[in-house]
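Data block for final_20.pdb (PDB, C-alpha atoms):
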```
MODEL        1
ATOM      1  CA  MET A   1     -16.748  11.173  -1.474
ATOM      2  CA  ALA A   2     -18.122   7.719  -2.137
ATOM      3  CA  PRO A   3     -20.995   7.320   0.347
ATOM      4  CA  GLY A   4     -21.747   3.718  -0.625
ATOM      5  CA  ARG A   5     -18.202   2.560   0.093
ATOM      6  CA  THR A   6     -17.492   0.837   3.381
ATOM      7  CA  GLY A   7     -14.411  -0.833   4.761
ATOM      8  CA  LEU A   8     -16.385  -3.278   6.880
ATOM      9  CA  GLY A   9     -15.302  -6.834   6.264
ATOM     10  CA  LEU A  10     -12.835  -5.981   3.515
ATOM     11  CA  GLN A  11      -9.326  -7.398   3.403
ATOM     12  CA  PRO A  12      -7.185  -5.223   1.149
ATOM     13  CA  SER A  13      -4.805  -6.936  -1.230
ATOM     14  CA  LEU A  14      -1.174  -7.142  -0.167
ATOM     15  CA  PHE A  15      -0.261  -7.367  -3.847
ATOM     16  CA  GLN A  16      -2.482  -4.764  -5.510
ATOM     17  CA  SER A  17      -3.061  -2.078  -2.873
ATOM     18  CA  ALA A  18      -0.644   0.829  -2.480
ATOM     19  CA  HIS A  19      -0.113   0.199   1.221
ATOM     20  CA  GLY A  20       0.296  -3.565   0.801
ATOM     21  CA  ARG A  21       2.976  -3.044  -1.823
ATOM     22  CA  VAL A  22       4.934  -0.441   0.119
ATOM     23  CA  ILE A  23       4.861  -2.486   3.321
ATOM     24  CA  LEU A  24       5.961  -5.696   1.562
ATOM     25  CA  ALA A  25       8.685  -3.800  -0.292
ATOM     26  CA  HIS A  26      10.256  -2.631   2.962
ATOM     27  CA  MET A  27      10.057  -5.870   4.966
ATOM     28  CA  SER A  28      12.886  -8.318   5.434
ATOM     29  CA  GLU A  29      12.703 -11.217   3.004
ATOM     30  CA  GLU A  30      11.854 -13.636   5.818
ATOM     31  CA  MET A  31       9.014 -11.483   7.149
ATOM     32  CA  ARG A  32       7.726 -10.785   3.619
ATOM     33  CA  GLU A  33       7.484 -14.512   2.827
ATOM     34  CA  LYS A  34       5.668 -15.176   6.100
ATOM     35  CA  HIS A  35       3.074 -12.479   5.328
ATOM     36  CA  ILE A  36       2.685 -13.524   1.699
ATOM     37  CA  GLN A  37       1.988 -17.142   2.646
ATOM     38  CA  ALA A  38      -0.505 -16.117   5.335
ATOM     39  CA  PHE A  39      -2.270 -13.816   2.858
ATOM     40  CA  LEU A  40      -2.392 -16.483   0.143
ATOM     41  CA  ASN A  41      -4.144 -18.859   2.553
ATOM     42  CA  CYS A  42      -7.229 -16.622   2.511
ATOM     43  CA  ALA A  43      -6.709 -14.519  -0.638
ATOM     44  CA  ARG A  44      -9.312 -13.949  -3.329
ATOM     45  CA  LYS A  45      -8.770 -15.787  -6.602
ATOM     46  CA  GLU A  46      -7.838 -12.481  -8.282
ATOM     47  CA  ASP A  47      -4.962 -12.026  -5.836
ATOM     48  CA  ILE A  48      -3.796 -15.621  -6.228
ATOM     49  CA  SER A  49      -3.849 -15.211 -10.001
ATOM     50  CA  TRP A  50      -1.956 -11.909  -9.750
ATOM     51  CA  TYR A  51       0.650 -13.540  -7.482
ATOM     52  CA  ASN A  52       1.015 -16.538  -9.802
ATOM     53  CA  SER A  53       1.696 -14.172 -12.717
ATOM     54  CA  GLY A  54       5.178 -13.672 -11.247
ATOM     55  CA  ARG A  55       4.952  -9.873 -11.144
ATOM     56  CA  LEU A  56       5.362  -9.396  -7.392
ATOM     57  CA  ASP A  57       9.167  -9.237  -7.136
ATOM     58  CA  ALA A  58       9.425  -6.704  -9.969
ATOM     59  CA  GLU A  59       6.617  -4.582  -8.515
ATOM     60  CA  LEU A  60       8.221  -4.570  -5.067
ATOM     61  CA  GLU A  61      11.600  -3.568  -6.536
ATOM     62  CA  ILE A  62       9.956  -0.682  -8.418
ATOM     63  CA  THR A  63       8.109   0.329  -5.248
ATOM     64  CA  ARG A  64      11.336   0.286  -3.203
ATOM     65  CA  LYS A  65      13.205   2.402  -5.768
ATOM     66  CA  ARG A  66      10.306   4.831  -6.194
ATOM     67  CA  GLY A  67       9.853   5.190  -2.431
ATOM     68  CA  TYR A  68       6.074   4.772  -2.467
ATOM     69  CA  GLY A  69       3.442   2.225  -3.408
ATOM     70  CA  ILE A  70       0.792   2.866  -6.000
ATOM     71  CA  ARG A  71      -2.519   1.086  -6.301
ATOM     72  CA  GLU A  72      -2.880  -1.385  -9.171
ATOM     73  CA  GLU A  73      -4.970   0.095 -11.945
ATOM     74  CA  LEU A  74      -8.522  -1.290 -11.835
ATOM     75  CA  TYR A  75      -7.937  -2.846  -8.404
ATOM     76  CA  TRP A  76     -11.222  -3.313  -6.561
ATOM     77  CA  GLU A  77     -13.405  -2.254  -9.459
ATOM     78  CA  PRO A  78     -16.844  -3.576 -10.425
ATOM     79  CA  PRO A  79     -18.226  -6.144  -9.900
ATOM     80  CA  PHE A  80     -16.718  -5.802  -6.412
ATOM     81  CA  ASP A  81     -17.493  -2.140  -5.979
ATOM     82  CA  GLU A  82     -19.818   0.009  -8.035
ATOM     83  CA  THR A  83     -18.630   3.371  -6.719
ATOM     84  CA  PRO A  84     -16.222   5.563  -8.720
ATOM     85  CA  PRO A  85     -12.656   4.257  -9.159
ATOM     86  CA  ILE A  86     -10.193   5.282  -6.476
ATOM     87  CA  GLY A  87      -6.482   5.957  -6.861
ATOM     88  CA  ALA A  88      -4.012   5.569  -4.011
ATOM     89  CA  ILE A  89      -0.391   6.071  -3.082
ATOM     90  CA  ALA A  90       1.249   4.970   0.165
ATOM     91  CA  VAL A  91       4.575   5.704   1.835
ATOM     92  CA  PRO A  92       6.329   3.534   4.417
ATOM     93  CA  ILE A  93       6.629   4.350   8.108
ATOM     94  CA  ILE A  94      10.096   3.019   8.900
ATOM     95  CA  THR A  95      12.473   3.179  11.860
ATOM     96  CA  ALA A  96      15.804   1.491  12.494
ATOM     97  CA  ASP A  97      13.780  -1.498  13.784
ATOM     98  CA  GLY A  98      11.959  -1.969  10.490
ATOM     99  CA  ILE A  99       8.608  -1.205   8.918
ATOM    100  CA  HIS A 100       5.779  -0.107  11.209
ATOM    101  CA  GLY A 101       3.106   0.472   8.587
ATOM    102  CA  SER A 102       2.218   2.973   5.894
ATOM    103  CA  LEU A 103       0.493   6.271   5.389
ATOM    104  CA  SER A 104      -1.720   6.534   2.323
ATOM    105  CA  LEU A 105      -3.662   9.033   0.291
ATOM    106  CA  LEU A 106      -6.741   8.040  -1.701
ATOM    107  CA  TRP A 107      -8.657  10.080  -4.273
ATOM    108  CA  LEU A 108     -11.448   9.710  -6.811
ATOM    109  CA  GLU A 109      -9.792   9.033 -10.157
ATOM    110  CA  GLU A 110     -12.562  10.805 -12.029
ATOM    111  CA  HIS A 111     -11.219  14.045 -10.522
ATOM    112  CA  LEU A 112      -7.459  13.446 -10.278
ATOM    113  CA  SER A 113      -4.739  11.273 -11.736
ATOM    114  CA  ALA A 114      -1.783   9.865  -9.825
ATOM    115  CA  ASP A 115       0.526  12.169 -11.792
ATOM    116  CA  THR A 116      -1.509  15.213 -10.742
ATOM    117  CA  VAL A 117      -1.451  14.152  -7.094
ATOM    118  CA  ILE A 118       2.312  13.600  -7.194
ATOM    119  CA  ARG A 119       3.098  16.819  -9.109
ATOM    120  CA  SER A 120       0.939  18.832  -6.709
ATOM    121  CA  GLY A 121       3.335  18.127  -3.846
ATOM    122  CA  LEU A 122       0.972  15.847  -1.933
ATOM    123  CA  LEU A 123       3.387  12.918  -2.156
ATOM    124  CA  GLU A 124       6.115  15.008  -0.522
ATOM    125  CA  ARG A 125       3.723  16.053   2.240
ATOM    126  CA  LEU A 126       2.813  12.409   2.784
ATOM    127  CA  LYS A 127       6.519  11.483   2.994
ATOM    128  CA  THR A 128       7.133  14.301   5.476
ATOM    129  CA  SER A 129       4.251  13.105   7.645
ATOM    130  CA  ALA A 130       5.537   9.517   7.528
ATOM    131  CA  ARG A 131       9.014  10.723   8.569
ATOM    132  CA  ASP A 132       7.459  12.686  11.455
ATOM    133  CA  ILE A 133       5.615   9.570  12.620
ATOM    134  CA  SER A 134       8.811   7.509  12.288
ATOM    135  CA  THR A 135      10.679  10.051  14.417
ATOM    136  CA  LYS A 136       8.040   9.887  17.154
ATOM    137  CA  LEU A 137       8.090   6.085  17.117
ATOM    138  CA  SER A 138      11.882   6.131  17.441
ATOM    139  CA  GLU A 139      11.808   8.719  20.226
ATOM    140  CA  GLY A 140       9.318   6.551  22.089
ATOM    141  CA  SER A 141      11.466   3.448  21.551
ATOM    142  CA  ILE A 142       8.476   1.734  19.948
ATOM    143  CA  PRO A 143       9.714  -1.364  18.099
ATOM    144  CA  ALA A 144       8.482  -2.381  14.673
ATOM    145  CA  PRO A 145       6.035  -5.300  14.704
ATOM    146  CA  ASP A 146       7.348  -8.800  14.029
TER     147      ASP A 146
ENDMDL
END
```

File written out as structure tokens:
Amino acid sequence: MAPGRTGLGLQPSLFQSAHGRVILAHMSEEMREKHIQAFLNCARKEDISWYNSGRLDAELEITRKRGYGIREELYWEPPFDETPPIGAIAVPIITADGIHGSLSLLWLEEHLSADTVIRSGLLERLKTSARDISTKLSEGSIPAPD
């Protein structure tokens, strides 16, 4: 646990966070562009620089093929946050209407690697949980957000 860490006032990166990547990867092109432009209007310089590097399309294609998003290495590290580095993976919550959100798993990287988390079966459990949520959303006729 990282007791000094707080989510208050933080805006995660759409480009470098696991959940941002998996959500963008599963949006329609029109919706993705709308969200990217809105994010860039208030993004940190690190995110703008990352976006301008031209890596986003390739990363989203990899994320789509892989079926999950993975946090950019060294994302949100000191000087922003002095607690231990965190790893993350995220899977999409999708229905026939589109993407509803994501379900993610975070861990302290000093104790686990992404490969260990994935090999342990936790990714499959995360995918199963996301499918269960998707089923419930579909059964309830809950549309994906615009």

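Once Ser129 (chain A) and its same-chain neighbours fewer than 4 positions away are set aside, Val91, Ile93, Leu103, Leu123, Glu124, Arg125, Ile133, Ser134 and Thr135 of chain A remain within 10 Å of it when counting all atoms listed in the file.
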
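Going from CA of Ser104 (chain A) to CA of Ile89 (chain A) covers 5.6 Å.
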
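For the pair CA of Asp146 (chain A) and CA of Ala90 (chain A), the interatomic distance is 20.5 Å.
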
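Taking all atoms listed in the file into account, Ile62 (chain A) lies nearest to A:Val22 out of the set A:Phe15, A:Ile99, A:Pro145, A:Val22.
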
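Across the structure, CA of Gln37 (chain A) and CA of Thr95 (chain A) are spaced 24.7 Å apart.
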
Inset, instruction - Convert the output of the PyMOL selection byres ((chain A and resi 107) around 8) on the shown file into explicit residues, formatted as a list in words. - result: Ile86, Gly87, Ala88, Leu105, Leu106, Leu108, Glu109, His111 and Leu112 of chain A

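Each of A:Lys127, A:Arg71, A:Arg64, A:Arg55 was compared to His26 (chain A) using only C-alpha atoms, and A:Arg64 turns out to be the nearest.
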
Given the PyMOL selection byres ((chain A and resi 75) around 9) and the file above, list the residues it selects as a CSV table (one decimal) with C-alpha atoms, in the coordinates of the input.
```csv
chain,number,residue,atom,x,y,z
A,13,SER,CA,-4.8,-6.9,-1.2
A,16,GLN,CA,-2.5,-4.8,-5.5
A,17,SER,CA,-3.1,-2.1,-2.9
A,71,ARG,CA,-2.5,1.1,-6.3
A,72,GLU,CA,-2.9,-1.4,-9.2
A,73,GLU,CA,-5.0,0.1,-11.9
A,74,LEU,CA,-8.5,-1.3,-11.8
A,76,TRP,CA,-11.2,-3.3,-6.6
A,77,GLU,CA,-13.4,-2.3,-9.5
A,85,PRO,CA,-12.7,4.3,-9.2
A,86,ILE,CA,-10.2,5.3,-6.5
```

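The closest residue to Ile23 (chain A), picked from A:Ala58, A:Ala38, A:Ile70, A:Ala96 and counting all atoms listed in the file, is A:Ile70.
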
Per residue of region 74-123 of chain A within 10 Å of region 27-31 of chain A, which atom pair is closest and at what distance in Å (one decimal), using only C-alpha atoms, listed by chain and increasing number, as a tab-separated table?
```
residue	atom	partner	partner_atom	distance
A:Ile94	CA	A:Met27	CA	9.7
A:Gly98	CA	A:Met27	CA	7.0
A:Ile99	CA	A:Met27	CA	6.3
A:His100	CA	A:Met27	CA	9.5
```

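Candidate residues A:Ala25, A:His19, A:Ser120, A:Leu126 were compared for distance to Leu60 (chain A), and the nearest is A:Ala25, using only C-alpha atoms.
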
Inset, instruction - Give the answer as one residue: which of A:Ala130, A:Ile36, A:Pro12, A:Lys45 has the shortest atom-to-atom distance to Gly101 (chain A), using all atoms listed in the file? - result: A:Ala130

Inset, instruction - For each of A:Ile48, A:Cys42, A:Leu56, A:Leu122, take the minimum atom-to-atom distance to Arg21 (chain A), counting all atoms listed in the file, then give the residue where this is smallest. - result: A:Leu56
